[in-house]
file structure-v7.tsv (TSV, C-alpha atoms)
chain	number	residue	atom	x	y	z
A	377	MET	CA	36.83	-2.64	-16.79
A	378	GLU	CA	39.93	-4.47	-18.06
A	379	GLU	CA	38.05	-7.78	-17.98
A	380	GLN	CA	35.17	-6.23	-19.91
A	381	ASN	CA	37.53	-4.83	-22.56
A	382	LYS	CA	39.24	-8.19	-22.85
A	383	PHE	CA	35.86	-9.87	-23.44
A	384	SER	CA	34.69	-7.34	-26.03
A	385	SER	CA	38.00	-7.45	-27.92
A	386	ARG	CA	37.49	-11.17	-28.57
A	387	ILE	CA	33.92	-10.84	-29.85
A	388	ASP	CA	33.46	-11.32	-33.57
A	389	PHE	CA	31.74	-8.02	-34.40
A	390	SER	CA	31.73	-8.76	-38.13
A	391	LEU	CA	29.51	-11.76	-37.44
A	392	VAL	CA	27.40	-9.65	-35.07
A	393	THR	CA	26.81	-7.13	-37.87
A	394	ILE	CA	25.78	-9.80	-40.40
A	395	LEU	CA	23.34	-11.38	-37.95
A	396	LEU	CA	21.91	-7.98	-37.02
A	397	LEU	CA	21.23	-7.20	-40.69
A	398	LEU	CA	19.59	-10.63	-41.15
A	399	CYS	CA	17.45	-9.96	-38.06
A	400	VAL	CA	16.28	-6.63	-39.51
A	401	GLY	CA	15.47	-8.30	-42.83
A	402	SER	CA	13.55	-11.04	-41.04
A	403	CYS	CA	11.47	-8.57	-39.03
A	404	LEU	CA	10.59	-6.49	-42.10
A	405	ALA	CA	9.57	-9.56	-44.12
A	406	ILE	CA	7.54	-11.15	-41.32
A	407	TYR	CA	5.81	-7.85	-40.54
A	408	SER	CA	4.64	-7.70	-44.14
A	409	ALA	CA	3.80	-11.41	-44.41
A	410	GLN	CA	1.41	-11.38	-41.46
A	411	THR	CA	-0.69	-8.57	-42.98
A	412	THR	CA	-2.49	-11.11	-45.17
A	413	GLY	CA	-4.62	-12.06	-42.17
A	414	GLN	CA	-4.11	-15.79	-42.66
A	415	TYR	CA	-3.27	-16.10	-38.95
A	416	ALA	CA	-4.30	-14.10	-35.91
A	417	GLU	CA	-0.90	-14.42	-34.21
A	418	ASN	CA	1.69	-11.66	-34.12
A	419	PHE	CA	4.67	-13.48	-35.61
A	420	LEU	CA	6.88	-10.40	-35.54
A	421	ILE	CA	6.78	-10.12	-31.73
A	422	LYS	CA	7.45	-13.84	-31.42
A	423	GLN	CA	10.38	-13.68	-33.84
A	424	ILE	CA	11.93	-10.83	-31.85
A	425	PHE	CA	11.47	-12.89	-28.68
A	426	TRP	CA	13.20	-15.89	-30.26
A	427	TYR	CA	16.06	-13.68	-31.41
A	428	ILE	CA	16.51	-12.54	-27.80
A	429	VAL	CA	16.52	-16.18	-26.69
A	430	GLY	CA	19.05	-16.86	-29.45
A	431	ILE	CA	21.35	-14.16	-28.09
A	432	GLY	CA	21.24	-15.94	-24.73
A	433	ILE	CA	22.15	-19.21	-26.46
A	434	VAL	CA	25.12	-17.55	-28.17
A	435	LEU	CA	26.33	-16.10	-24.86
A	436	GLY	CA	26.06	-19.56	-23.32
A	437	PHE	CA	28.15	-21.19	-26.04
A	438	ILE	CA	30.74	-18.46	-26.44
A	439	THR	CA	32.50	-19.28	-23.17
A	440	LEU	CA	32.98	-22.97	-24.06
A	441	ASP	CA	36.39	-23.84	-25.46
A	442	SER	CA	37.20	-26.84	-27.67
A	443	ASP	CA	37.81	-29.23	-24.75
A	444	GLN	CA	34.47	-28.37	-23.20
A	445	LEU	CA	32.65	-28.65	-26.52
A	446	LYS	CA	34.20	-32.08	-27.05
A	447	LYS	CA	33.06	-33.19	-23.59
A	448	ILE	CA	29.44	-32.19	-24.18
A	449	SER	CA	29.24	-33.30	-27.83
A	450	TRP	CA	28.22	-36.92	-27.24
A	451	TYR	CA	25.87	-35.98	-24.39
A	452	ALA	CA	24.18	-33.45	-26.68
A	453	TYR	CA	24.00	-36.03	-29.48
A	454	GLY	CA	22.45	-38.62	-27.15
A	455	PHE	CA	19.96	-36.05	-25.81
A	456	GLY	CA	18.96	-35.15	-29.36
A	457	LEU	CA	18.36	-38.82	-30.23
A	458	PHE	CA	16.27	-39.20	-27.07
A	459	LEU	CA	14.07	-36.25	-28.06
A	460	LEU	CA	13.62	-37.64	-31.57
A	461	LEU	CA	12.71	-41.07	-30.23
A	462	LEU	CA	10.12	-39.58	-27.87
A	463	LEU	CA	8.39	-37.99	-30.87
A	464	ILE	CA	7.52	-41.50	-32.01
A	465	LEU	CA	6.49	-42.79	-28.58
A	466	MET	CA	4.53	-39.87	-27.13
A	467	PRO	CA	0.72	-39.52	-27.63
A	468	GLU	CA	-0.78	-37.02	-30.08
A	469	SER	CA	-1.79	-34.72	-27.21
A	470	VAL	CA	1.93	-33.99	-26.74
A	471	VAL	CA	3.15	-34.63	-30.29
A	472	PRO	CA	0.35	-33.53	-32.65
A	473	LYS	CA	0.41	-34.31	-36.34
A	474	ILE	CA	1.02	-31.05	-38.23
A	475	ASN	CA	0.95	-31.09	-42.04
A	476	GLY	CA	1.10	-34.87	-41.93
A	477	ALA	CA	4.23	-35.09	-39.74
A	478	ARG	CA	4.83	-35.69	-36.02
A	479	SER	CA	7.86	-33.41	-35.69
A	480	TRP	CA	6.93	-31.00	-32.90
A	481	TYR	CA	6.38	-31.12	-29.15
A	482	LYS	CA	3.40	-29.06	-28.05
A	483	ILE	CA	4.45	-27.11	-24.96
A	484	PRO	CA	1.77	-25.00	-23.20
A	485	GLY	CA	2.71	-21.32	-22.96
A	486	VAL	CA	5.64	-21.75	-25.35
A	487	GLY	CA	4.20	-23.23	-28.53
A	488	SER	CA	5.74	-25.96	-30.65
A	489	ILE	CA	9.37	-27.10	-30.41
A	490	GLN	CA	11.00	-29.10	-33.21
A	491	PRO	CA	13.92	-31.13	-31.80
A	492	SER	CA	15.34	-32.00	-35.21
A	493	GLU	CA	16.47	-28.35	-35.55
A	494	PHE	CA	18.74	-28.84	-32.52
A	495	MET	CA	19.80	-32.30	-33.67
A	496	LYS	CA	21.51	-30.73	-36.70
A	497	VAL	CA	23.90	-28.83	-34.44
A	498	PHE	CA	24.36	-31.78	-32.08
A	499	LEU	CA	25.28	-33.93	-35.09
A	500	ILE	CA	27.85	-31.37	-36.24
A	501	LEU	CA	29.48	-31.45	-32.79
A	502	ALA	CA	29.46	-35.25	-32.63
A	503	LEU	CA	30.91	-35.71	-36.13
A	504	ALA	CA	33.57	-33.05	-35.54
A	505	ASN	CA	34.60	-34.84	-32.35
A	506	LEU	CA	34.54	-38.25	-34.04
A	507	ILE	CA	36.66	-37.18	-37.04
A	508	SER	CA	39.24	-35.25	-35.00
A	509	ASN	CA	39.66	-38.11	-32.50
A	510	HIS	CA	39.91	-40.66	-35.31
A	511	HIS	CA	42.86	-38.79	-36.85
A	512	LEU	CA	44.54	-38.41	-33.45
A	513	LYS	CA	44.35	-42.16	-32.88
A	514	ASN	CA	45.23	-43.14	-36.46
A	515	THR	CA	48.27	-41.09	-37.35
A	516	LEU	CA	49.14	-43.60	-40.06
A	517	LYS	CA	46.43	-43.14	-42.70
A	518	THR	CA	45.45	-46.24	-44.72
A	519	ILE	CA	42.50	-47.41	-46.82
A	520	GLN	CA	41.36	-49.52	-43.87
A	521	THR	CA	41.35	-46.59	-41.43
A	522	ASP	CA	39.50	-44.44	-43.99
A	523	ILE	CA	36.83	-47.12	-44.49
A	524	TRP	CA	36.44	-47.44	-40.72
A	525	LEU	CA	36.06	-43.66	-40.40
A	526	LEU	CA	33.43	-43.63	-43.15
A	527	ILE	CA	31.51	-46.41	-41.40
A	528	LYS	CA	31.57	-44.52	-38.09
A	529	ILE	CA	30.37	-41.32	-39.77
A	530	GLY	CA	27.58	-43.28	-41.48
A	531	LEU	CA	26.44	-44.89	-38.22
A	532	VAL	CA	26.43	-41.62	-36.27
A	533	THR	CA	24.49	-39.90	-39.05
A	534	GLY	CA	22.17	-42.82	-39.73
A	535	ALA	CA	20.63	-42.93	-36.25
A	536	PRO	CA	19.06	-39.43	-36.27
A	537	LEU	CA	18.33	-39.69	-40.00
A	538	MET	CA	16.17	-42.80	-39.51
A	539	LEU	CA	14.26	-41.20	-36.62
A	540	ILE	CA	13.66	-38.00	-38.62
A	541	MET	CA	12.41	-39.95	-41.64
A	542	GLN	CA	9.96	-41.76	-39.35
A	543	GLN	CA	8.16	-38.46	-38.66
A	544	PRO	CA	8.35	-38.13	-41.76
A	545	ASP	CA	10.44	-35.04	-42.54
A	546	LEU	CA	12.23	-35.31	-45.88
A	547	GLY	CA	13.51	-31.73	-45.82
A	548	THR	CA	15.35	-32.09	-42.52
A	549	GLY	CA	16.57	-35.51	-43.58
A	550	LEU	CA	18.22	-33.92	-46.62
A	551	VAL	CA	19.87	-31.32	-44.37
A	552	ILE	CA	21.27	-34.12	-42.18
A	553	LEU	CA	22.69	-35.79	-45.28
A	554	SER	CA	24.22	-32.52	-46.50
A	555	ILE	CA	25.97	-32.07	-43.14
A	556	MET	CA	27.36	-35.59	-43.35
A	557	LEU	CA	28.53	-35.17	-46.96
A	558	GLY	CA	30.26	-31.86	-46.23
A	559	MET	CA	32.13	-33.36	-43.29
A	560	VAL	CA	33.01	-36.54	-45.22
A	561	PHE	CA	34.63	-34.46	-47.97
A	562	ILE	CA	36.79	-32.55	-45.47
A	563	SER	CA	37.57	-35.57	-43.28
A	564	GLY	CA	40.54	-36.69	-45.35
A	565	ILE	CA	38.98	-39.94	-46.54
A	566	SER	CA	40.67	-41.09	-49.75
A	567	TRP	CA	38.97	-40.29	-53.04
A	568	LYS	CA	39.63	-43.89	-54.03
A	569	ILE	CA	36.81	-44.69	-51.59
A	570	LEU	CA	34.60	-41.65	-52.12
A	571	LEU	CA	34.55	-41.52	-55.91
A	572	PRO	CA	32.88	-44.94	-56.45
A	573	ILE	CA	30.32	-44.12	-53.72
A	574	ILE	CA	29.50	-40.72	-55.26
A	575	SER	CA	29.27	-42.22	-58.73
A	576	GLY	CA	26.94	-44.94	-57.45
A	577	GLY	CA	24.76	-42.39	-55.67
A	578	ILE	CA	24.44	-40.26	-58.81
A	579	ALA	CA	23.57	-43.35	-60.85
A	580	VAL	CA	20.85	-44.40	-58.39
A	581	ALA	CA	19.38	-40.88	-58.23
A	582	THR	CA	19.35	-40.63	-62.04
A	583	THR	CA	17.66	-44.02	-62.33
A	584	VAL	CA	14.99	-43.13	-59.79
A	585	LEU	CA	14.29	-39.81	-61.54
A	586	TYR	CA	14.01	-41.64	-64.88
A	587	PHE	CA	11.41	-44.04	-63.46
A	588	VAL	CA	9.51	-41.21	-61.76
A	589	LEU	CA	9.22	-39.28	-65.03
A	590	TRP	CA	8.76	-42.03	-67.60
A	591	LYS	CA	8.05	-45.34	-65.84
A	592	PRO	CA	6.13	-44.49	-62.63
A	593	GLU	CA	4.06	-47.66	-62.90
A	594	ILE	CA	7.19	-49.74	-62.16
A	595	LEU	CA	7.80	-47.85	-58.91
A	596	GLU	CA	4.12	-48.25	-58.00
A	597	LYS	CA	4.18	-51.98	-58.69
A	598	TYR	CA	7.50	-53.01	-57.13
A	599	LEU	CA	8.18	-50.35	-54.48
A	600	GLY	CA	4.62	-49.54	-53.43
A	601	VAL	CA	4.93	-45.85	-54.28
A	602	LYS	CA	1.52	-44.17	-54.46
A	603	THR	CA	0.45	-42.14	-57.48
A	604	TYR	CA	-0.17	-38.99	-55.45
A	605	GLN	CA	3.44	-39.08	-54.18
A	606	PHE	CA	4.68	-38.24	-57.66
A	607	GLY	CA	2.70	-35.02	-57.59
A	608	ARG	CA	5.42	-32.94	-55.97
A	609	ILE	CA	7.91	-33.79	-58.73
A	610	TYR	CA	5.39	-33.26	-61.53
A	611	SER	CA	4.19	-29.96	-60.07
A	612	TRP	CA	7.80	-28.79	-59.81
A	613	LEU	CA	8.52	-29.56	-63.46
A	614	ASP	CA	5.19	-28.19	-64.76
A	615	PRO	CA	3.60	-26.12	-61.97
A	616	TYR	CA	0.95	-24.39	-64.08
A	617	ASN	CA	-0.73	-27.68	-64.96
A	618	TYR	CA	-1.04	-28.31	-61.21
A	619	ALA	CA	-1.81	-24.72	-60.23
A	620	SER	CA	-4.97	-25.68	-58.34
A	621	SER	CA	-3.28	-28.47	-56.33
A	622	GLU	CA	0.38	-29.36	-55.73
A	623	GLY	CA	1.67	-26.49	-57.87
A	624	TYR	CA	-0.34	-23.77	-56.12
A	625	HIS	CA	2.44	-22.52	-53.82
A	626	LEU	CA	5.04	-22.48	-56.58
A	627	THR	CA	2.87	-20.58	-59.09
A	628	ARG	CA	1.94	-17.99	-56.45
A	629	SER	CA	5.58	-17.68	-55.41
A	630	LEU	CA	6.72	-17.13	-59.00
A	631	LEU	CA	3.99	-14.52	-59.47
A	632	ALA	CA	5.00	-12.69	-56.29
A	633	ILE	CA	8.73	-12.64	-57.07
A	634	GLY	CA	8.20	-11.71	-60.72
A	635	SER	CA	5.79	-8.89	-59.89
A	636	GLY	CA	8.43	-7.29	-57.65
A	637	GLN	CA	10.60	-6.63	-60.70
A	638	THR	CA	13.78	-4.59	-60.02
A	639	THR	CA	13.01	-2.43	-57.00
A	640	GLY	CA	9.91	-4.09	-55.56
A	641	LYS	CA	6.52	-2.66	-54.62
A	642	GLY	CA	7.61	-1.34	-51.25
A	643	ILE	CA	7.06	-2.66	-47.75
A	644	GLY	CA	3.45	-3.43	-47.00
A	645	GLU	CA	2.45	-3.04	-50.66
A	646	ARG	CA	2.29	-6.71	-51.61
A	647	VAL	CA	-0.84	-7.92	-53.39
A	648	VAL	CA	-0.11	-11.59	-54.18
A	649	TYR	CA	-1.65	-13.90	-51.60
A	650	LEU	CA	0.65	-16.78	-50.64
A	651	PRO	CA	-0.03	-19.23	-47.77
A	652	GLU	CA	2.82	-19.89	-45.31
A	653	SER	CA	4.50	-16.72	-46.54
A	654	HIS	CA	5.89	-15.96	-43.06
A	655	SER	CA	7.83	-19.23	-42.91
A	656	ASP	CA	8.87	-21.41	-45.86
A	657	PHE	CA	8.02	-18.83	-48.55
A	658	ILE	CA	9.42	-15.72	-46.88
A	659	PHE	CA	11.78	-15.15	-49.82
A	660	SER	CA	8.75	-14.63	-52.06
A	661	ILE	CA	7.69	-11.72	-49.84
A	662	ILE	CA	11.15	-10.19	-50.10
A	663	GLY	CA	11.12	-10.61	-53.88
A	664	GLU	CA	7.74	-8.94	-54.24
A	665	GLU	CA	8.30	-6.02	-51.86
A	666	PHE	CA	12.02	-5.35	-52.35
A	667	GLY	CA	12.49	-6.70	-55.87
A	668	PHE	CA	15.66	-7.99	-57.46
A	669	ILE	CA	17.79	-5.46	-55.57
A	670	GLY	CA	16.47	-6.44	-52.13
A	671	SER	CA	16.69	-10.15	-52.92
A	672	SER	CA	20.28	-9.72	-54.13
A	673	ILE	CA	21.23	-7.89	-50.94
A	674	LEU	CA	19.80	-10.74	-48.86
A	675	ILE	CA	21.65	-13.40	-50.89
A	676	SER	CA	24.84	-11.33	-50.56
A	677	LEU	CA	24.43	-11.34	-46.78
A	678	PHE	CA	24.27	-15.13	-46.84
A	679	PHE	CA	27.40	-15.23	-49.01
A	680	LEU	CA	29.16	-12.96	-46.51
A	681	LEU	CA	28.05	-15.18	-43.64
A	682	ILE	CA	29.29	-18.36	-45.30
A	683	TYR	CA	32.54	-16.67	-46.37
A	684	HIS	CA	33.10	-15.46	-42.81
A	685	ILE	CA	32.59	-18.95	-41.37
A	686	THR	CA	34.89	-20.37	-44.06
A	687	LYS	CA	37.59	-17.88	-43.10
A	688	THR	CA	37.10	-18.77	-39.43
A	689	GLY	CA	37.66	-22.45	-40.21
A	690	MET	CA	40.79	-21.63	-42.21
A	691	ASP	CA	42.23	-19.31	-39.56
A	692	THR	CA	42.03	-21.70	-36.64
A	693	LYS	CA	44.79	-24.23	-35.97
A	694	ASN	CA	42.36	-26.57	-34.20
A	695	ASN	CA	41.03	-29.34	-36.47
A	696	PHE	CA	37.98	-29.87	-34.26
A	697	TYR	CA	37.03	-26.23	-34.83
A	698	THR	CA	37.59	-26.60	-38.58
A	699	TYR	CA	35.23	-29.57	-38.77
A	700	ILE	CA	32.58	-27.61	-36.86
A	701	CYS	CA	32.86	-24.76	-39.37
A	702	VAL	CA	32.47	-27.18	-42.28
A	703	GLY	CA	29.36	-28.70	-40.69
A	704	VAL	CA	27.77	-25.29	-40.11
A	705	ILE	CA	28.62	-24.18	-43.67
A	706	SER	CA	27.09	-27.37	-45.10
A	707	MET	CA	23.91	-26.88	-43.07
A	708	LEU	CA	23.43	-23.21	-43.94
A	709	THR	CA	24.39	-23.58	-47.60
A	710	PHE	CA	21.88	-26.36	-48.16
A	711	HIS	CA	19.15	-24.45	-46.32
A	712	VAL	CA	19.68	-21.27	-48.34
A	713	PHE	CA	20.09	-23.03	-51.69
A	714	GLN	CA	17.08	-25.30	-51.18
A	715	ASN	CA	14.72	-22.66	-49.76
A	716	ILE	CA	15.45	-19.97	-52.36
A	717	GLY	CA	15.66	-22.59	-55.10
A	718	MET	CA	12.19	-23.94	-54.33
A	719	THR	CA	10.60	-20.47	-54.31
A	720	VAL	CA	11.89	-19.72	-57.82
A	721	GLY	CA	11.21	-23.19	-59.26
A	722	LEU	CA	14.80	-24.43	-59.46
A	723	LEU	CA	14.21	-27.20	-56.92
A	724	PRO	CA	11.21	-29.21	-55.66
A	725	ILE	CA	9.33	-27.77	-52.69
A	726	THR	CA	10.36	-29.07	-49.26
A	727	GLY	CA	9.52	-27.70	-45.84
A	728	ILE	CA	12.91	-26.06	-45.25
A	729	PRO	CA	12.97	-22.53	-43.76
A	730	LEU	CA	15.31	-19.73	-44.83
A	731	PRO	CA	17.90	-19.41	-42.01
A	732	PHE	CA	17.52	-16.36	-39.74
A	733	ILE	CA	14.74	-14.98	-41.98
A	734	SER	CA	11.78	-17.39	-41.83
A	735	TYR	CA	9.60	-17.33	-38.76
A	736	GLY	CA	10.20	-20.23	-36.40
A	737	GLY	CA	11.49	-20.49	-32.85
A	738	SER	CA	13.09	-23.91	-33.17
A	739	SER	CA	14.79	-23.08	-36.46
A	740	LEU	CA	16.10	-19.77	-35.17
A	741	MET	CA	17.36	-21.26	-31.90
A	742	GLY	CA	19.10	-24.05	-33.80
A	743	ASN	CA	20.78	-21.57	-36.14
A	744	MET	CA	21.79	-19.30	-33.26
A	745	MET	CA	23.22	-22.35	-31.51
A	746	ALA	CA	25.35	-22.95	-34.62
A	747	MET	CA	26.41	-19.29	-34.54
A	748	GLY	CA	27.28	-19.72	-30.88
A	749	LEU	CA	29.80	-22.34	-31.95
A	750	ILE	CA	31.33	-19.91	-34.47
A	751	PHE	CA	31.45	-17.12	-31.90
A	752	SER	CA	33.14	-19.56	-29.50
A	753	ILE	CA	35.76	-20.45	-32.11
A	754	ARG	CA	36.51	-16.78	-32.76
A	755	TYR	CA	36.56	-16.07	-29.03
A	756	HIS	CA	39.05	-18.84	-28.25
A	757	TYR	CA	41.01	-19.38	-31.45
A	758	LYS	CA	43.52	-16.60	-30.72
A	759	LYS	CA	45.00	-18.92	-28.14
A	760	TYR	CA	45.92	-21.27	-31.01
A	761	MET	CA	47.13	-18.72	-33.55
A	762	PHE	CA	50.80	-19.31	-32.83
A	763	SER	CA	50.46	-22.90	-31.77
A	764	THR	CA	50.84	-26.15	-33.70
A	765	ASP	CA	48.25	-27.89	-31.54
A	766	ILE	CA	45.46	-29.76	-33.33
call {"tool": "encode", "arguments": {"input": "structure-v7.tsv", "output": "structure tokens"}}
result
Amino acid sequence: MEEQNKFSSRIDFSLVTILLLLCVGSCLAIYSAQTTGQYAENFLIKQIFWYIVGIGIVLGFITLDSDQLKKISWYAYGFGLFLLLLLILMPESVVPKINGARSWYKIPGVGSIQPSEFMKVFLILALANLISNHHLKNTLKTIQTDIWLLIKIGLVTGAPLMLIMQQPDLGTGLVILSIMLGMVFISGISWKILLPIISGGIAVATTVLYFVLWKPEILEKYLGVKTYQFGRIYSWLDPYNYASSEGYHLTRSLLAIGSGQTTGKGIGERVVYLPESHSDFIFSIIGEEFGFIGSSILISLFFLLIYHITKTGMDTKNNFYTYICVGVISMLTFHVFQNIGMTVGLLPITGIPLPFISYGGSSLMGNMMAMGLIFSIRYHYKKYMFSTDI
């Protein structure tokens, strides 16, 4: 009994509550989304099953302390790279092309598994280990040590990024980059190095956007970009002129969210048909059925989740734990901002799910794995509260 009380007293019940509320929101939205009859599958039952699997993943991670997480980090990273490499090498009977990408393993009796969802968490572990060890070995910080750290971060991030872009999967590639950028900013690398790189990146992105909008023929001629590849940008900027093609999802999403108005139409009362509404466009369902109020509550839950992880990273005295928290925050923040942004027309459409809400076993297991790391930090960090260990 004493052991049980000791275990329960170290569980982060605030995080449990937030995840439980997100689970309820996910189930309600998916239940409504599948009523359109687009698919014959019962996504709600599957989502509940994956949440149960996710609880098992959390329980598996919660007992691992920082030393154990460091020991498995590079093995997990290597395993993730191996799975991504096999996606390229395996035949289509095992790795079918879905929506133009070879990103999933087809497993009989289970369904499809997307290894890049796990690679995000493995990358966070590897980068957290790399950065913390670098600072332990280089107590005297110089421009040279900062450049070397930046190179190592770039190499560790570049390997999975290249394999993911081979699938191709731009959305996940952007998530990988967001994780890297978040951890670079917190790694202590001098702004004398970062500022020129950031400025150069902004200049390149601005130049590319300029050519896409006003000089696409130059990109077609010199970079081999196809005309149809510009469609996603054009349909984002002017979706109603592309409503029958690339802009179809966005116009339907805007109609669904707008028709929900303040309080929504009520669960099961949606009338706007929207393909893939159970996955990438789940926020449109919430906007239509629960309106501005329901959407605001969901966004507030994500703010609470990110705030809670931020506080966890600030409370711990272990730098490795702090870097993990930053990686998880970067991953979740980009996912939420990009997914909701694309459904309301603020950002171009990419195949990025809404964490904990969209249907998807791989996505949910990857996110629950990330939460397992946060639960582990909260479970073990009390040992470090009055310590100066890093």
call {"tool": "closest_residue", "arguments": {"input": "structure-v7.tsv", "among": "A:Leu531, A:Leu740, A:Val560, A:Leu395", "to": "Ala504 in chain A", "atoms": "only C-alpha atoms"}}
result
A:Val560
call {"tool": "atom_distance", "arguments": {"input": "structure-v7.tsv", "atom1": "CA of His684 in chain A", "atom2": "CA of Phe389 in chain A"}}
result
11.3 Å
call {"tool": "atom_distance", "arguments": {"input": "structure-v7.tsv", "atom1": "CA of Ile705 in chain A", "atom2": "CA of Thr686 in chain A"}}
result
7.3 Å
call {"tool": "atom_distance", "arguments": {"input": "structure-v7.tsv", "atom1": "CA of Trp612 in chain A", "atom2": "CA of Asn715 in chain A"}}
result
13.7 Å
call {"tool": "residues_near_point", "arguments": {"input": "structure-v7.tsv", "point": "(13.6, -22.4, -39.6)", "cutoff": "10 Å", "atoms": "only C-alpha atoms", "output": "mmCIF file with C-alpha atoms, keeping the file's coordinate frame"}}
result
data_model
loop_
_atom_site.group_PDB
_atom_site.id
_atom_site.type_symbol
_atom_site.label_atom_id
_atom_site.label_comp_id
_atom_site.auth_asym_id
_atom_site.auth_seq_id
_atom_site.Cartn_x
_atom_site.Cartn_y
_atom_site.Cartn_z
ATOM 1 C CA GLN A 490 11.000 -29.100 -33.210
ATOM 2 C CA GLU A 493 16.470 -28.350 -35.550
ATOM 3 C CA SER A 655 7.830 -19.230 -42.910
ATOM 4 C CA ASP A 656 8.870 -21.410 -45.860
ATOM 5 C CA HIS A 711 19.150 -24.450 -46.320
ATOM 6 C CA GLY A 727 9.520 -27.700 -45.840
ATOM 7 C CA ILE A 728 12.910 -26.060 -45.250
ATOM 8 C CA PRO A 729 12.970 -22.530 -43.760
ATOM 9 C CA LEU A 730 15.310 -19.730 -44.830
ATOM 10 C CA PRO A 731 17.900 -19.410 -42.010
ATOM 11 C CA PHE A 732 17.520 -16.360 -39.740
ATOM 12 C CA ILE A 733 14.740 -14.980 -41.980
ATOM 13 C CA SER A 734 11.780 -17.390 -41.830
ATOM 14 C CA TYR A 735 9.600 -17.330 -38.760
ATOM 15 C CA GLY A 736 10.200 -20.230 -36.400
ATOM 16 C CA GLY A 737 11.490 -20.490 -32.850
ATOM 17 C CA SER A 738 13.090 -23.910 -33.170
ATOM 18 C CA SER A 739 14.790 -23.080 -36.460
ATOM 19 C CA LEU A 740 16.100 -19.770 -35.170
ATOM 20 C CA MET A 741 17.360 -21.260 -31.900
ATOM 21 C CA GLY A 742 19.100 -24.050 -33.800
ATOM 22 C CA ASN A 743 20.780 -21.570 -36.140
#
call {"tool": "residues_around", "arguments": {"input": "structure-v7.tsv", "residues": "Ser653 in chain A", "least_positions_apart": "3", "cutoff": "10 Å", "atoms": "all atoms listed in the file", "output": "PyMOL selection string"}}
result
chain A and resi 405-406+408-410+412+414+625+629+649-650+656-662+734-735
call {"tool": "closest_residue", "arguments": {"input": "structure-v7.tsv", "among": "A:Thr709, A:Thr548, A:Ser752, A:Ser611", "to": "Phe679 in chain A", "atoms": "all atoms listed in the file"}}
result
A:Thr709
call {"tool": "residues_around", "arguments": {"input": "structure-v7.tsv", "residues": "Leu457 in chain A", "least_positions_apart": "4", "cutoff": "7 Å", "atoms": "all atoms listed in the file", "output": "MDAnalysis selection string"}}
result
chainID A and resid 453 461 536
call {"tool": "write_last_selection", "arguments": {"input": "structure-v7.tsv", "atoms": "C-alpha atoms", "output": "short mmCIF file (atom, residue, chain, number, x, y, z; two decimals), keeping the file's coordinate frame"}}
result
data_model
loop_
_atom_site.label_atom_id
_atom_site.label_comp_id
_atom_site.auth_asym_id
_atom_site.auth_seq_id
_atom_site.Cartn_x
_atom_site.Cartn_y
_atom_site.Cartn_z
CA TYR A 453 24.00 -36.03 -29.48
CA LEU A 461 12.71 -41.07 -30.23
CA PRO A 536 19.06 -39.43 -36.27
#
call {"tool": "closest_atom_pairs", "arguments": {"input": "structure-v7.tsv", "of": "range 606-709 of chain A", "to": "range 437-450 of chain A", "cutoff": "12 Å", "atoms": "all atoms listed in the file", "output": "JSON lines"}}
result
{"residue": "A:Thr692", "atom": "CA", "partner": "A:Ser442", "partner_atom": "CA", "distance": 11.4}
{"residue": "A:Lys693", "atom": "CA", "partner": "A:Ser442", "partner_atom": "CA", "distance": 11.5}
{"residue": "A:Asn694", "atom": "CA", "partner": "A:Ser442", "partner_atom": "CA", "distance": 8.3}
{"residue": "A:Asn695", "atom": "CA", "partner": "A:Ser442", "partner_atom": "CA", "distance": 9.9}
{"residue": "A:Phe696", "atom": "CA", "partner": "A:Ser442", "partner_atom": "CA", "distance": 7.3}
{"residue": "A:Tyr697", "atom": "CA", "partner": "A:Ser442", "partner_atom": "CA", "distance": 7.2}
{"residue": "A:Thr698", "atom": "CA", "partner": "A:Ser442", "partner_atom": "CA", "distance": 10.9}
{"residue": "A:Tyr699", "atom": "CA", "partner": "A:Ser442", "partner_atom": "CA", "distance": 11.6}
{"residue": "A:Ile700", "atom": "CA", "partner": "A:Ser442", "partner_atom": "CA", "distance": 10.3}
call {"tool": "write_last_selection", "arguments": {"input": "structure-v7.tsv", "atoms": "C-alpha atoms", "output": "mmCIF file, in the frame of the given file"}}
result
data_model
loop_
_atom_site.group_PDB
_atom_site.id
_atom_site.type_symbol
_atom_site.label_atom_id
_atom_site.label_comp_id
_atom_site.auth_asym_id
_atom_site.auth_seq_id
_atom_site.Cartn_x
_atom_site.Cartn_y
_atom_site.Cartn_z
ATOM 1 C CA THR A 692 42.030 -21.700 -36.640
ATOM 2 C CA LYS A 693 44.790 -24.230 -35.970
ATOM 3 C CA ASN A 694 42.360 -26.570 -34.200
ATOM 4 C CA ASN A 695 41.030 -29.340 -36.470
ATOM 5 C CA PHE A 696 37.980 -29.870 -34.260
ATOM 6 C CA TYR A 697 37.030 -26.230 -34.830
ATOM 7 C CA THR A 698 37.590 -26.600 -38.580
ATOM 8 C CA TYR A 699 35.230 -29.570 -38.770
ATOM 9 C CA ILE A 700 32.580 -27.610 -36.860
#
call {"tool": "closest_residue", "arguments": {"input": "structure-v7.tsv", "among": "A:Gly748, A:Val486, A:Gly430, A:Met707", "to": "Leu499 in chain A", "atoms": "only C-alpha atoms"}}
result
A:Met707
call {"tool": "closest_residue", "arguments": {"input": "structure-v7.tsv", "among": "A:Tyr757, A:Phe666, A:Phe713, A:Phe458", "to": "Gly644 in chain A", "atoms": "all atoms listed in the file"}}
result
A:Phe666
call {"tool": "closest_residue", "arguments": {"input": "structure-v7.tsv", "among": "A:Pro651, A:Thr639, A:Ser621, A:Ile685", "to": "Gly667 in chain A", "atoms": "all atoms listed in the file"}}
result
A:Thr639
call {"tool": "axis_aligned_box", "arguments": {"input": "structure-v7.tsv", "around": "range 449-453 of chain A", "padding_each_side": "4 Å", "output": "JSON"}}
result
{"center_x": 26.6, "center_y": -35.1, "center_z": -26.9, "size_x": 13.2, "size_y": 11.6, "size_z": 13.1}
